[in-house]
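Chemist: Coordinates in final-v4.cif, mmCIF, C-alpha atoms and all ligand atoms, are listed below.
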```cif
data_final
loop_
_atom_site.label_atom_id
_atom_site.label_comp_id
_atom_site.auth_asym_id
_atom_site.auth_seq_id
_atom_site.Cartn_x
_atom_site.Cartn_y
_atom_site.Cartn_z
CA MET A 1266 -9.53 27.63 -11.99
CA PRO A 1267 -7.85 24.20 -11.99
CA TRP A 1268 -5.64 25.06 -9.03
CA ALA A 1269 -8.64 25.95 -6.84
CA GLY A 1270 -10.24 22.60 -7.71
CA PHE A 1271 -7.06 20.77 -6.83
CA SER A 1272 -6.84 22.51 -3.46
CA SER A 1273 -10.39 21.58 -2.53
CA ARG A 1274 -9.69 17.92 -3.31
CA MET A 1275 -6.59 18.04 -1.11
CA THR A 1276 -8.56 19.30 1.85
CA GLN A 1277 -11.51 16.96 1.29
CA PHE A 1278 -10.05 13.49 0.88
CA LYS A 1279 -13.29 11.54 1.34
CA PHE A 1280 -11.89 8.06 1.06
CA ARG A 1281 -10.58 5.42 3.44
CA ILE A 1282 -7.04 4.07 3.12
CA VAL A 1283 -7.13 0.30 3.75
CA PRO A 1284 -3.73 -1.21 4.60
CA LEU A 1285 -3.09 -4.94 4.85
CA PRO A 1286 -5.12 -6.45 7.73
CA THR A 1287 -3.07 -7.09 10.87
CA GLU A 1288 -4.13 -10.76 10.88
CA VAL A 1289 -2.57 -11.21 7.41
CA ALA A 1290 0.71 -9.63 8.54
CA ASP A 1291 0.73 -11.78 11.69
CA ALA A 1292 -0.03 -14.91 9.65
CA ALA A 1293 2.97 -14.12 7.42
CA ARG A 1294 5.20 -13.73 10.50
CA LYS A 1295 3.99 -17.11 11.79
CA ALA A 1296 4.39 -18.77 8.38
CA VAL A 1297 8.00 -17.62 8.00
CA SER A 1298 8.80 -18.91 11.50
CA GLU A 1299 7.43 -22.30 10.40
CA GLY A 1300 9.67 -22.31 7.33
CA ARG A 1301 6.90 -22.11 4.74
CA PRO A 1302 8.63 -22.13 1.32
CA ASP A 1303 6.51 -19.29 -0.09
CA HIS A 1304 7.45 -16.95 2.78
CA ARG A 1305 10.98 -15.56 2.80
CA MET A 1306 12.70 -13.45 5.44
CA GLN A 1307 15.20 -10.96 4.10
CA VAL A 1308 17.17 -7.96 5.30
CA VAL A 1309 16.60 -4.71 3.44
CA ASP A 1310 19.86 -3.41 1.95
CA SER A 1311 18.78 -0.15 0.32
CA PRO A 1312 16.09 2.47 0.98
CA ASN A 1313 12.77 2.60 -0.87
CA THR A 1314 12.89 -1.00 -2.05
CA ALA A 1315 10.57 -2.82 0.39
CA PRO A 1316 7.26 -1.10 1.22
CA CYS A 1317 5.53 -2.60 4.27
CA ARG A 1318 1.84 -3.02 3.40
CA HIS A 1319 0.82 -2.95 7.06
CA CYS A 1320 2.33 0.32 8.36
CA LEU A 1321 2.59 1.81 4.83
CA GLU A 1322 6.20 2.88 5.29
CA TRP A 1323 9.33 1.84 3.41
CA ALA A 1324 11.39 -0.64 5.44
CA LYS A 1325 14.74 0.89 6.33
CA PRO A 1326 18.10 -0.64 5.41
CA GLY A 1327 18.96 -3.25 8.05
CA GLU A 1328 15.32 -4.00 8.89
CA ARG A 1329 13.98 -7.49 8.30
CA VAL A 1330 10.96 -8.00 6.07
CA ILE A 1331 8.91 -10.99 4.94
CA LEU A 1332 8.23 -11.49 1.25
CA PHE A 1333 5.14 -13.56 0.46
CA PRO A 1334 2.28 -13.84 -2.05
CA TYR A 1335 -0.96 -12.01 -1.25
CA GLU A 1336 -4.31 -12.36 -2.98
CA ALA A 1337 -5.34 -8.74 -3.52
CA ILE A 1338 -8.33 -10.16 -5.42
CA PRO A 1339 -9.19 -13.64 -4.09
CA THR A 1340 -9.40 -16.64 -6.42
CA GLY A 1341 -12.59 -17.45 -8.26
CA LYS A 1342 -12.99 -14.23 -10.24
CA PRO A 1343 -11.79 -13.17 -13.69
CA TYR A 1344 -9.50 -10.54 -12.17
CA SER A 1345 -8.27 -12.79 -9.33
CA GLU A 1346 -4.69 -11.95 -8.57
CA SER A 1347 -1.97 -13.06 -6.22
CA GLY A 1348 1.32 -11.20 -6.08
CA PRO A 1349 4.39 -10.61 -3.92
CA ILE A 1350 4.27 -8.15 -1.03
CA PHE A 1351 6.46 -7.24 1.95
CA VAL A 1352 5.61 -6.73 5.59
CA HIS A 1353 7.97 -5.87 8.42
CA ALA A 1354 9.17 -9.04 10.14
CA GLU A 1355 8.79 -7.31 13.53
CA PRO A 1356 5.31 -6.23 14.64
CA CYS A 1357 4.49 -2.73 13.34
CA VAL A 1358 1.59 -0.34 13.80
CA ARG A 1359 -1.09 -0.59 11.09
CA TYR A 1360 -1.50 2.65 9.14
CA SER A 1361 -4.57 4.45 10.42
CA ALA A 1362 -4.33 8.05 9.20
CA GLU A 1363 -7.27 9.48 7.28
CA SER A 1364 -4.97 10.93 4.66
CA TYR A 1365 -2.98 9.59 1.72
CA PRO A 1366 0.24 7.86 2.92
CA GLU A 1367 3.12 10.24 2.24
CA ALA A 1368 5.59 7.37 1.68
CA PHE A 1369 3.75 6.48 -1.55
CA ARG A 1370 3.10 9.89 -3.04
CA GLU A 1371 5.38 8.93 -5.96
CA GLY A 1372 5.62 5.77 -8.03
CA ARG A 1373 2.07 4.44 -7.73
CA VAL A 1374 -0.46 3.54 -10.38
CA PHE A 1375 -4.16 3.34 -9.47
CA ARG A 1376 -6.72 0.76 -10.60
CA ALA A 1377 -10.48 1.11 -10.14
CA TYR A 1378 -12.59 -1.97 -9.32
CA ASP A 1379 -16.38 -2.38 -9.43
CA SER A 1380 -18.55 -4.30 -6.95
CA GLY A 1381 -17.72 -7.56 -8.73
CA GLU A 1382 -13.98 -6.85 -8.33
CA ASN A 1383 -13.54 -6.30 -12.07
CA ILE A 1384 -10.99 -3.70 -13.20
CA ILE A 1385 -12.99 -0.89 -14.80
CA ASP A 1386 -10.39 1.88 -15.05
CA ALA A 1387 -6.78 2.71 -14.27
CA CYS A 1388 -4.64 5.81 -14.05
CA LEU A 1389 -0.93 6.52 -13.94
CA PRO A 1390 -0.60 10.05 -12.47
CA ASN A 1391 0.98 12.49 -14.84
CA GLY A 1392 1.91 15.37 -12.59
CA GLU A 1393 -1.33 15.07 -10.60
CA GLU A 1394 -1.42 14.37 -6.88
CA PRO A 1395 -2.65 10.89 -5.87
CA GLU A 1396 -5.68 12.35 -4.06
CA GLU A 1397 -6.78 13.96 -7.30
CA VAL A 1398 -6.40 10.74 -9.32
CA ILE A 1399 -8.25 8.68 -6.69
CA ALA A 1400 -11.10 11.21 -6.51
CA LYS A 1401 -11.44 11.11 -10.31
CA LEU A 1402 -11.65 7.30 -10.33
CA PHE A 1403 -14.34 7.45 -7.63
CA ASP A 1404 -16.28 10.00 -9.68
CA ASN A 1405 -17.52 6.91 -11.54
CA PRO A 1406 -20.37 5.60 -9.34
CA GLU A 1407 -19.45 2.03 -10.30
CA THR A 1408 -16.02 2.36 -8.67
CA MET A 1409 -16.16 0.54 -5.32
CA ALA A 1410 -12.43 0.34 -4.59
CA VAL A 1411 -9.14 1.66 -5.90
CA HIS A 1412 -5.89 -0.28 -5.62
CA ALA A 1413 -2.56 1.51 -5.39
CA ARG A 1414 0.23 -0.49 -6.99
CA SER A 1415 3.86 -0.02 -7.86
CA ALA A 1416 4.01 1.83 -11.17
CA THR A 1417 7.11 -0.10 -12.18
CA ARG A 1418 6.68 -3.61 -10.74
CA GLY A 1419 2.91 -3.75 -10.49
CA CYS A 1420 2.91 -5.03 -6.91
CA TYR A 1421 -0.16 -4.33 -4.74
CA THR A 1422 0.45 -1.63 -2.13
CA PHE A 1423 -2.89 -0.76 -0.50
CA LYS A 1424 -6.60 -0.31 -1.16
CA VAL A 1425 -8.80 2.78 -1.01
CA GLU A 1426 -12.53 2.54 -0.31
CA ARG A 1427 -15.45 4.93 -0.16
CA ILE A 1428 -16.23 6.05 3.39
ZN ZN A 1501 5.45 -2.22 8.78
#
```
Write the structure described by the file as structure tokens, please.
Modeler:
Amino acid sequence: MPWAGFSSRMTQFKFRIVPLPTEVADAARKAVSEGRPDHRMQVVDSPNTAPCRHCLEWAKPGERVILFPYEAIPTGKPYSESGPIFVHAEPCVRYSAESYPEAFREGRVFRAYDSGENIIDACLPNGEEPEEVIAKLFDNPETMAVHARSATRGCYTFKVERI
């Protein structure tokens, strides 16, 4: 009965989607206004190329975004990592739904981290829904967080935590 199991996971998504904190997005907006060299303002020219990590929507063509490095895992750990992300240049509403963000149903790979922020597992969905993949990674009691990243470019998109 695999389909029945899938349906129950869809209706019982027991995890919290954690978008980029608003203070990080606001700091990026301030930094670009101060001309910081590692923060770049650009205008989006084609759809589905610049995902805003704060509202968890793709920026639309013509919208301005800020490109800057973000430490998804802060320095000082073996898996420390800083990588490029976008946020809308204009203030946007932080994603707050209790469900998986529809804008990123495709094209994400998922990494599981333990309490020491070590990567302990990863999964590229192969026809499975993201909720199903995330639930499987959290089936391991050592999994404390799951990162969603671009499957092609590897860039951090958002975090998922246990509720
Ligand atoms: Zn946004």
Chemist: Can you list, as a PDB file with C-alpha atoms, in the coordinates of the input, every protein, DNA or RNA residue that comes within 10 Å of Pro1316 (chain A) when you count only C-alpha atoms, leaving out same-chain residues fewer than 4 positions away?
Modeler:
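That gives us around_15.pdb:
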```pdb
ATOM      1  CA  PRO A1312      16.090   2.470   0.980  1.00  0.00           C
ATOM      2  CA  CYS A1320       2.330   0.320   8.360  1.00  0.00           C
ATOM      3  CA  LEU A1321       2.590   1.810   4.830  1.00  0.00           C
ATOM      4  CA  GLU A1322       6.200   2.880   5.290  1.00  0.00           C
ATOM      5  CA  TRP A1323       9.330   1.840   3.410  1.00  0.00           C
ATOM      6  CA  ALA A1324      11.390  -0.640   5.440  1.00  0.00           C
ATOM      7  CA  LYS A1325      14.740   0.890   6.330  1.00  0.00           C
ATOM      8  CA  VAL A1330      10.960  -8.000   6.070  1.00  0.00           C
ATOM      9  CA  ILE A1350       4.270  -8.150  -1.030  1.00  0.00           C
ATOM     10  CA  PHE A1351       6.460  -7.240   1.950  1.00  0.00           C
ATOM     11  CA  VAL A1352       5.610  -6.730   5.590  1.00  0.00           C
ATOM     12  CA  HIS A1353       7.970  -5.870   8.420  1.00  0.00           C
ATOM     13  CA  ALA A1368       5.590   7.370   1.680  1.00  0.00           C
ATOM     14  CA  PHE A1369       3.750   6.480  -1.550  1.00  0.00           C
ATOM     15  CA  SER A1415       3.860  -0.020  -7.860  1.00  0.00           C
ATOM     16  CA  THR A1422       0.450  -1.630  -2.130  1.00  0.00           C
TER      17      THR A1422
END
```
Chemist: Pick out the closest residue to Ala1410 (chain A) from this set: A:Arg1329, A:Lys1342, A:Arg1318, A:Arg1281. Count all atoms listed in the file.
Modeler: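 Closest residue, counting all atoms listed in the file: A:Arg1281.
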Chemist: Record the distance separating CA of Gly1381 (chain A) and CA of His1304 (chain A), expressed in Å with one decimal.
Modeler: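 Separating CA of Gly1381 (chain A) from CA of His1304 (chain A) is a distance of 29.2 Å.
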Chemist: Looking at A:Ile1428, A:Leu1389, A:Val1374, A:Cys1317, which one is nearest to ligand ZN 1501 (chain A), with distances taken over only C-alpha atoms and all ligand atoms?
Modeler: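 For ligand ZN 1501 (chain A), the nearest of the candidates is A:Cys1317.
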Chemist: Box for region 1335-1343 of chain A: with edges along x, y and z, all listed atoms inside and 3 Å added on each side, what are the centre and edge lengths in Å to one decimal, as JSON?
Modeler:
```
{"center_x": -7.0, "center_y": -13.1, "center_z": -7.5, "size_x": 18.0, "size_y": 14.7, "size_z": 18.4}
```
Chemist: Just checking: using all atoms listed in the file, which residue out of A:Gly1327, A:Pro1390, A:Gly1300, A:Pro1356 ends up closest to ligand ZN 1501 (chain A)?
Modeler: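 Among the listed residues, the smallest separation from ligand ZN 1501 (chain A) belongs to A:Pro1356.
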Chemist: Would you kindly identify which residues have an atom no farther than 12 Å from (6.7, -19.6, -2.7), using all atoms listed in the file and the file's own coordinates, and write them out as number ranges by chain?
Modeler: A: 1296-1297, 1300-1306, 1331-1335, 1347-1350
Chemist: Would you write out those residues with C-alpha atoms, as a PDB file, keeping the file's coordinate frame?
Modeler:
```pdb
ATOM      1  CA  ALA A1296       4.390 -18.770   8.380  1.00  0.00           C
ATOM      2  CA  VAL A1297       8.000 -17.620   8.000  1.00  0.00           C
ATOM      3  CA  GLY A1300       9.670 -22.310   7.330  1.00  0.00           C
ATOM      4  CA  ARG A1301       6.900 -22.110   4.740  1.00  0.00           C
ATOM      5  CA  PRO A1302       8.630 -22.130   1.320  1.00  0.00           C
ATOM      6  CA  ASP A1303       6.510 -19.290  -0.090  1.00  0.00           C
ATOM      7  CA  HIS A1304       7.450 -16.950   2.780  1.00  0.00           C
ATOM      8  CA  ARG A1305      10.980 -15.560   2.800  1.00  0.00           C
ATOM      9  CA  MET A1306      12.700 -13.450   5.440  1.00  0.00           C
ATOM     10  CA  ILE A1331       8.910 -10.990   4.940  1.00  0.00           C
ATOM     11  CA  LEU A1332       8.230 -11.490   1.250  1.00  0.00           C
ATOM     12  CA  PHE A1333       5.140 -13.560   0.460  1.00  0.00           C
ATOM     13  CA  PRO A1334       2.280 -13.840  -2.050  1.00  0.00           C
ATOM     14  CA  TYR A1335      -0.960 -12.010  -1.250  1.00  0.00           C
ATOM     15  CA  SER A1347      -1.970 -13.060  -6.220  1.00  0.00           C
ATOM     16  CA  GLY A1348       1.320 -11.200  -6.080  1.00  0.00           C
ATOM     17  CA  PRO A1349       4.390 -10.610  -3.920  1.00  0.00           C
ATOM     18  CA  ILE A1350       4.270  -8.150  -1.030  1.00  0.00           C
TER      19      ILE A1350
END
```
Chemist: Select, from A:Val1289, A:Ala1337, A:Leu1402, A:Ala1354, the residue with the minimum atom-to-atom distance to ligand ZN 1501 (chain A), counting all atoms listed in the file.
Modeler: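 Going through A:Val1289, A:Ala1337, A:Leu1402, A:Ala1354 one by one, the smallest distance to ligand ZN 1501 (chain A) is for A:Ala1354.
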Chemist: So which one's closest to ligand ZN 1501 (chain A), A:Cys1420, A:Val1411, A:Ile1384, A:Ala1290? Using only C-alpha atoms and all ligand atoms, please.
Modeler: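 Of all the options, A:Ala1290 lies closest to ligand ZN 1501 (chain A).
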